[in-house]
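Enquirer: Just entry-v7.pdb, nothing more (PDB, C-alpha atoms, pLDDT in the B column):
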ATOM      1  CA  ALA A   1      17.376 -90.914  63.756  1.00 93.00           C
ATOM      2  CA  ASP A   2      20.056 -92.346  66.014  1.00 93.00           C
ATOM      3  CA  GLU A   3      20.473 -89.068  67.898  1.00 95.00           C
ATOM      4  CA  LEU A   4      16.720 -88.820  68.451  1.00 96.00           C
ATOM      5  CA  TYR A   5      16.713 -92.449  69.568  1.00 98.00           C
ATOM      6  CA  ASP A   6      19.363 -91.610  72.168  1.00 97.00           C
ATOM      7  CA  GLU A   7      17.112 -88.778  73.370  1.00 98.00           C
ATOM      8  CA  ALA A   8      14.231 -91.239  73.710  1.00 98.00           C
ATOM      9  CA  VAL A   9      16.399 -93.558  75.807  1.00 98.00           C
ATOM     10  CA  ARG A  10      17.422 -90.647  78.042  1.00 98.00           C
ATOM     11  CA  LEU A  11      13.766 -89.740  78.522  1.00 98.00           C
ATOM     12  CA  LYS A  12      12.961 -93.330  79.467  1.00 98.00           C
ATOM     13  CA  ASP A  13      15.926 -93.464  81.839  1.00 98.00           C
ATOM     14  CA  SER A  14      14.735 -90.278  83.548  1.00 98.00           C
ATOM     15  CA  GLY A  15      11.321 -91.854  84.124  1.00 97.00           C
ATOM     16  CA  ASP A  16       9.444 -90.129  81.291  1.00 98.00           C
ATOM     17  CA  LEU A  17       8.149 -93.183  79.464  1.00 98.00           C
ATOM     18  CA  ASP A  18       5.386 -91.231  77.735  1.00 98.00           C
ATOM     19  CA  GLY A  19       7.908 -88.681  76.489  1.00 98.00           C
ATOM     20  CA  ALA A  20      10.159 -91.468  75.258  1.00 98.00           C
ATOM     21  CA  VAL A  21       7.273 -92.990  73.303  1.00 98.00           C
ATOM     22  CA  LEU A  22       6.460 -89.625  71.744  1.00 98.00           C
ATOM     23  CA  LYS A  23      10.092 -89.246  70.673  1.00 98.00           C
ATOM     24  CA  LEU A  24      10.087 -92.744  69.158  1.00 98.00           C
ATOM     25  CA  GLU A  25       6.865 -91.991  67.296  1.00 98.00           C
ATOM     26  CA  GLN A  26       8.523 -88.843  65.925  1.00 97.00           C
ATOM     27  CA  ILE A  27      11.468 -90.892  64.701  1.00 98.00           C
ATOM     28  CA  LEU A  28       9.245 -93.509  63.087  1.00 98.00           C
ATOM     29  CA  ALA A  29       7.164 -90.871  61.327  1.00 98.00           C
ATOM     30  CA  GLU A  30      10.323 -89.757  59.539  1.00 97.00           C
ATOM     31  CA  HIS A  31      12.214 -93.074  59.476  1.00 98.00           C
ATOM     32  CA  PRO A  32       9.638 -95.902  59.426  1.00 98.00           C
ATOM     33  CA  GLN A  33      12.327 -98.557  59.080  1.00 97.00           C
ATOM     34  CA  HIS A  34      14.373 -97.541  62.135  1.00 98.00           C
ATOM     35  CA  ILE A  35      14.545-100.930  63.828  1.00 97.00           C
ATOM     36  CA  LEU A  36      15.838 -99.704  67.190  1.00 97.00           C
ATOM     37  CA  SER A  37      12.896 -97.335  67.497  1.00 98.00           C
ATOM     38  CA  HIS A  38      10.378-100.065  66.718  1.00 98.00           C
ATOM     39  CA  SER A  39      12.068-102.377  69.205  1.00 98.00           C
ATOM     40  CA  ALA A  40      12.089 -99.775  71.979  1.00 98.00           C
ATOM     41  CA  ALA A  41       8.526 -98.680  71.177  1.00 98.00           C
ATOM     42  CA  ALA A  42       7.380-102.287  71.568  1.00 98.00           C
ATOM     43  CA  VAL A  43       8.875-102.496  75.055  1.00 98.00           C
ATOM     44  CA  TYR A  44       7.831 -99.045  76.228  1.00 98.00           C
ATOM     45  CA  LYS A  45       4.270 -99.316  74.936  1.00 98.00           C
ATOM     46  CA  GLN A  46       3.900-102.742  76.533  1.00 98.00           C
ATOM     47  CA  LYS A  47       4.949-101.205  79.851  1.00 97.00           C
ATOM     48  CA  LEU A  48       2.341 -98.484  79.355  1.00 98.00           C
ATOM     49  CA  GLY A  49      -0.378-101.082  78.751  1.00 97.00           C
ATOM     50  CA  ARG A  50      -0.737-100.299  75.060  1.00 98.00           C
ATOM     51  CA  ALA A  51      -0.712-103.950  74.007  1.00 98.00           C
ATOM     52  CA  ASP A  52      -1.914-103.705  70.410  1.00 98.00           C
ATOM     53  CA  GLU A  53       0.581-100.954  69.601  1.00 98.00           C
ATOM     54  CA  ALA A  54       3.403-102.816  71.362  1.00 98.00           C
ATOM     55  CA  ILE A  55       2.733-105.963  69.363  1.00 98.00           C
ATOM     56  CA  ALA A  56       2.507-103.985  66.122  1.00 98.00           C
ATOM     57  CA  HIS A  57       5.989-102.565  66.739  1.00 98.00           C
ATOM     58  CA  ALA A  58       7.388-105.987  67.629  1.00 98.00           C
ATOM     59  CA  LYS A  59       5.888-107.367  64.406  1.00 98.00           C
ATOM     60  CA  ALA A  60       7.476-104.489  62.480  1.00 98.00           C
ATOM     61  CA  VAL A  61      10.870-105.561  63.823  1.00 98.00           C
ATOM     62  CA  VAL A  62      10.217-109.109  62.566  1.00 97.00           C
ATOM     63  CA  GLU A  63       9.203-107.747  59.162  1.00 97.00           C
ATOM     64  CA  LEU A  64      12.318-105.569  58.940  1.00 98.00           C
ATOM     65  CA  GLU A  65      14.675-108.284  60.198  1.00 96.00           C
ATOM     66  CA  PRO A  66      13.040-111.613  59.318  1.00 95.00           C
ATOM     67  CA  ASP A  67      16.335-113.514  59.493  1.00 93.00           C
ATOM     68  CA  ASP A  68      17.205-112.368  63.014  1.00 94.00           C
ATOM     69  CA  PRO A  69      16.098-114.906  65.640  1.00 95.00           C
ATOM     70  CA  PHE A  70      16.094-112.187  68.308  1.00 95.00           C
ATOM     71  CA  SER A  71      13.297-110.420  66.418  1.00 96.00           C
ATOM     72  CA  TYR A  72      11.069-113.417  67.052  1.00 97.00           C
ATOM     73  CA  ARG A  73      12.234-113.700  70.658  1.00 96.00           C
ATOM     74  CA  GLN A  74      11.249-110.094  71.330  1.00 97.00           C
ATOM     75  CA  LEU A  75       7.884-110.621  69.616  1.00 98.00           C
ATOM     76  CA  SER A  76       7.323-113.668  71.818  1.00 98.00           C
ATOM     77  CA  VAL A  77       8.144-111.777  75.020  1.00 98.00           C
ATOM     78  CA  ILE A  78       5.978-108.793  74.079  1.00 98.00           C
ATOM     79  CA  CYS A  79       3.047-111.055  73.168  1.00 98.00           C
ATOM     80  CA  GLN A  80       3.456-113.012  76.405  1.00 98.00           C
ATOM     81  CA  ARG A  81       3.506-109.857  78.524  1.00 97.00           C
ATOM     82  CA  CYS A  82       0.430-108.612  76.673  1.00 97.00           C
ATOM     83  CA  GLY A  83      -1.449-111.845  77.409  1.00 97.00           C
ATOM     84  CA  ARG A  84      -1.351-113.150  73.846  1.00 97.00           C
ATOM     85  CA  ILE A  85       0.000-116.597  74.682  1.00 97.00           C
ATOM     86  CA  PRO A  86      -0.733-118.414  71.380  1.00 97.00           C
ATOM     87  CA  GLU A  87       1.029-115.635  69.450  1.00 97.00           C
ATOM     88  CA  ALA A  88       3.905-115.732  71.941  1.00 97.00           C
ATOM     89  CA  GLU A  89       4.303-119.478  71.517  1.00 97.00           C
ATOM     90  CA  GLU A  90       4.222-119.202  67.728  1.00 97.00           C
ATOM     91  CA  ALA A  91       6.938-116.539  67.708  1.00 97.00           C
ATOM     92  CA  LEU A  92       9.059-118.558  70.134  1.00 96.00           C
ATOM     93  CA  ALA A  93       8.718-121.634  67.919  1.00 95.00           C
ATOM     94  CA  ARG A  94       9.893-119.572  64.915  1.00 94.00           C
ATOM     95  CA  GLU A  95      12.898-118.361  66.910  1.00 94.00           C
ATOM     96  CA  ARG A  96      13.763-121.904  67.971  1.00 93.00           C
ATOM     97  CA  ILE A  97      13.502-123.188  64.404  1.00 92.00           C
ATOM     98  CA  MET A  98      15.875-120.455  63.292  1.00 90.00           C
ATOM     99  CA  GLN A  99      18.263-121.398  66.074  1.00 89.00           C
ATOM    100  CA  GLY A 100      18.072-125.063  65.026  1.00 87.00           C
ATOM    101  CA  ARG A 101      16.594-126.150  68.338  1.00 71.00           C
ATOM    102  CA  MET A 102      13.521-127.909  66.964  1.00 56.00           C
TER     103      MET A 102
END
Give the structure from the file, written as structure tokens.
Expert:
Amino acid sequence: ADELYDEAVRLKDSGDLDGAVLKLEQILAEHPQHILSHSAAAVYKQKLGRADEAIAHAKAVVELEPDDPFSYRQLSVICQRCGRIPEAEEALARERIMQGRM
């Protein structure tokens, strides 16, 4: 999975965002708990305007790593960029609670 992930990153870096997403989807079909692939898919799909899919991947990261504050930060950013402000604020509040800032 990690080698395929590296291929996806190379595709993205070469400007083939659609190809990178296809590679990530291939990884996740075989390794549905590959956190890096979900995280990258969230970002790439958001950039492609695929908001619902982007948010679903960001939520998968939170489900797989519920004790990682960064998971909630990424979910917040993805939701914000997709225009889902209440969801973004909720995720940011969760991250801040985990960081002890509230």
Enquirer: Skipping near chain neighbours, those fewer than 5 positions away, what residues fall within 8 Å of stretch 65-81 of chain A using all atoms listed in the file, listed as a ChimeraX atom specification?
Expert: /A:42-43,46,54-55,58-59,87-92,94-96,98-99
Enquirer: Residues of the last selection are to be written out with C-alpha atoms, as a PDB file, in the coordinates of the input.
Expert:
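selection.pdb written:
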ATOM      1  CA  ALA A  42       7.380-102.287  71.568  1.00 98.00           C
ATOM      2  CA  VAL A  43       8.875-102.496  75.055  1.00 98.00           C
ATOM      3  CA  GLN A  46       3.900-102.742  76.533  1.00 98.00           C
ATOM      4  CA  ALA A  54       3.403-102.816  71.362  1.00 98.00           C
ATOM      5  CA  ILE A  55       2.733-105.963  69.363  1.00 98.00           C
ATOM      6  CA  ALA A  58       7.388-105.987  67.629  1.00 98.00           C
ATOM      7  CA  LYS A  59       5.888-107.367  64.406  1.00 98.00           C
ATOM      8  CA  GLU A  87       1.029-115.635  69.450  1.00 97.00           C
ATOM      9  CA  ALA A  88       3.905-115.732  71.941  1.00 97.00           C
ATOM     10  CA  GLU A  89       4.303-119.478  71.517  1.00 97.00           C
ATOM     11  CA  GLU A  90       4.222-119.202  67.728  1.00 97.00           C
ATOM     12  CA  ALA A  91       6.938-116.539  67.708  1.00 97.00           C
ATOM     13  CA  LEU A  92       9.059-118.558  70.134  1.00 96.00           C
ATOM     14  CA  ARG A  94       9.893-119.572  64.915  1.00 94.00           C
ATOM     15  CA  GLU A  95      12.898-118.361  66.910  1.00 94.00           C
ATOM     16  CA  ARG A  96      13.763-121.904  67.971  1.00 93.00           C
ATOM     17  CA  MET A  98      15.875-120.455  63.292  1.00 90.00           C
ATOM     18  CA  GLN A  99      18.263-121.398  66.074  1.00 89.00           C
TER      19      GLN A  99
END
Enquirer: Can you work out which one of A:Glu63, A:Asp2, A:Glu53, A:Asp16 has the shortest atom-to-atom distance to A:His34, counting only C-alpha atoms?
Expert: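 So, comparing all the options, the nearest one is A:Asp2.
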Enquirer: Write out as a list in words which residues come within 9 Å of A:Ile35 when counting all atoms listed in the file, dropping same-chain ones fewer than 5 positions away.
Expert: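 The residues that qualify are Ala40, Ala60, Val61, Leu64 and Glu65 of chain A.
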Enquirer: In Å, rounded to a single decimal, give me how far atom CA of A:Asp18 is from atom CA of A:Leu48.
Expert: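 Here the two named atoms are 8.0 Å from each other.
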Enquirer: Can you measure atom CA of A:Tyr5 to atom CA of A:His31 for me? One decimal in Å is fine.
Expert: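 Separation of atom CA of A:Tyr5 and atom CA of A:His31: 11.1 Å.
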Enquirer: Using all atoms listed in the file, list the residues that have an atom at most 6 Å from (6.2, -96.0, 74.9), coordinates as in the file, as a PyMOL selection string.
Expert: chain A and resi 17-18+21+41+44-45
Enquirer: Could you jot down the atom CA of A:Ser14 to atom CA of A:Ala29 separation for me, Å, one decimal place?
Expert: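 These two atoms are separated by 23.5 Å.
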Enquirer: Could you write stretch 5-98 of chain A of the block just shown to a file containing C-alpha atoms, as a compact mmCIF listing (two decimals), in the first residue's frame?
Expert:
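Below is the file that was written, out-v6.txt:
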# COMPACT_ATOMS: atom_id res chain seq x y z
CA TYR A 5 0.65 5.62 -2.13
CA ASP A 6 4.03 6.95 -3.26
CA GLU A 7 2.89 6.45 -6.86
CA ALA A 8 -0.25 8.45 -6.13
CA VAL A 9 1.84 11.30 -4.71
CA ARG A 10 4.06 11.26 -7.80
CA LEU A 11 0.98 11.46 -10.01
CA LYS A 12 -0.31 14.42 -8.01
CA ASP A 13 3.09 16.11 -8.15
CA SER A 14 3.16 15.70 -11.94
CA GLY A 15 -0.23 17.43 -12.19
CA ASP A 16 -2.38 14.32 -12.66
CA LEU A 17 -4.78 14.79 -9.77
CA ASP A 18 -7.41 12.52 -11.30
CA GLY A 19 -4.83 9.77 -11.75
CA ALA A 20 -3.68 10.22 -8.17
CA VAL A 21 -7.26 9.83 -6.94
CA LEU A 22 -7.70 6.67 -8.99
CA LYS A 23 -4.52 5.24 -7.47
CA LEU A 24 -5.72 6.10 -3.95
CA GLU A 25 -9.08 4.48 -4.65
CA GLN A 26 -7.21 1.36 -5.79
CA ILE A 27 -5.26 1.31 -2.54
CA LEU A 28 -8.36 1.78 -0.42
CA ALA A 29 -10.21 -0.99 -2.23
CA GLU A 30 -7.50 -3.38 -1.06
CA HIS A 31 -6.49 -1.65 2.19
CA PRO A 32 -9.54 0.24 3.52
CA GLN A 33 -7.71 1.28 6.68
CA HIS A 34 -4.73 2.92 4.97
CA ILE A 35 -4.85 6.27 6.75
CA LEU A 36 -2.44 8.10 4.45
CA SER A 37 -4.58 7.23 1.45
CA HIS A 38 -7.76 8.46 3.11
CA SER A 39 -6.00 11.66 4.16
CA ALA A 40 -4.63 12.34 0.67
CA ALA A 41 -7.94 11.39 -0.97
CA ALA A 42 -9.71 13.95 1.22
CA VAL A 43 -7.39 16.72 0.04
CA TYR A 44 -7.28 15.71 -3.61
CA LYS A 45 -11.02 15.18 -3.94
CA GLN A 46 -11.69 18.52 -2.26
CA LYS A 47 -9.45 20.16 -4.86
CA LEU A 48 -11.42 18.40 -7.59
CA GLY A 49 -14.70 19.72 -6.19
CA ARG A 50 -15.89 16.34 -4.95
CA ALA A 51 -16.97 17.66 -1.56
CA ASP A 52 -19.03 14.75 -0.24
CA GLU A 53 -16.31 12.24 -1.09
CA ALA A 54 -13.60 14.48 0.38
CA ILE A 55 -15.48 14.81 3.65
CA ALA A 56 -16.15 11.07 3.77
CA HIS A 57 -12.41 10.38 3.53
CA ALA A 58 -11.62 12.99 6.19
CA LYS A 59 -14.22 11.37 8.46
CA ALA A 60 -12.63 7.98 7.80
CA VAL A 61 -9.32 9.36 9.08
CA VAL A 62 -11.07 10.52 12.27
CA GLU A 63 -12.66 7.09 12.68
CA LEU A 64 -9.32 5.32 12.18
CA GLU A 65 -7.37 7.71 14.42
CA PRO A 66 -9.89 9.14 16.90
CA ASP A 67 -7.18 10.09 19.41
CA ASP A 68 -5.14 12.14 16.94
CA PRO A 69 -6.01 15.85 17.13
CA PHE A 70 -4.67 16.37 13.60
CA SER A 71 -7.41 14.08 12.29
CA TYR A 72 -9.99 16.58 13.51
CA ARG A 73 -7.96 19.52 12.20
CA GLN A 74 -7.90 18.01 8.72
CA LEU A 75 -11.63 17.28 8.89
CA SER A 76 -12.22 20.90 9.88
CA VAL A 77 -10.15 22.26 6.99
CA ILE A 78 -11.77 19.95 4.44
CA CYS A 79 -15.27 20.84 5.68
CA GLN A 80 -14.42 24.55 5.61
CA ARG A 81 -13.09 24.37 2.05
CA CYS A 82 -16.20 22.45 1.02
CA GLY A 83 -18.47 25.13 2.49
CA ARG A 84 -19.66 23.05 5.43
CA ILE A 85 -18.93 25.63 8.12
CA PRO A 86 -20.93 24.13 11.03
CA GLU A 87 -19.20 20.77 10.51
CA ALA A 88 -15.85 22.55 10.24
CA GLU A 89 -16.42 24.39 13.50
CA GLU A 90 -17.49 21.21 15.28
CA ALA A 91 -14.36 19.35 14.16
CA LEU A 92 -12.16 22.28 15.16
CA ALA A 93 -13.77 22.37 18.60
CA ARG A 94 -13.05 18.63 19.01
CA GLU A 95 -9.42 19.22 18.03
CA ARG A 96 -9.10 22.09 20.51
CA ILE A 97 -10.62 20.02 23.31
CA MET A 98 -8.10 17.28 22.60
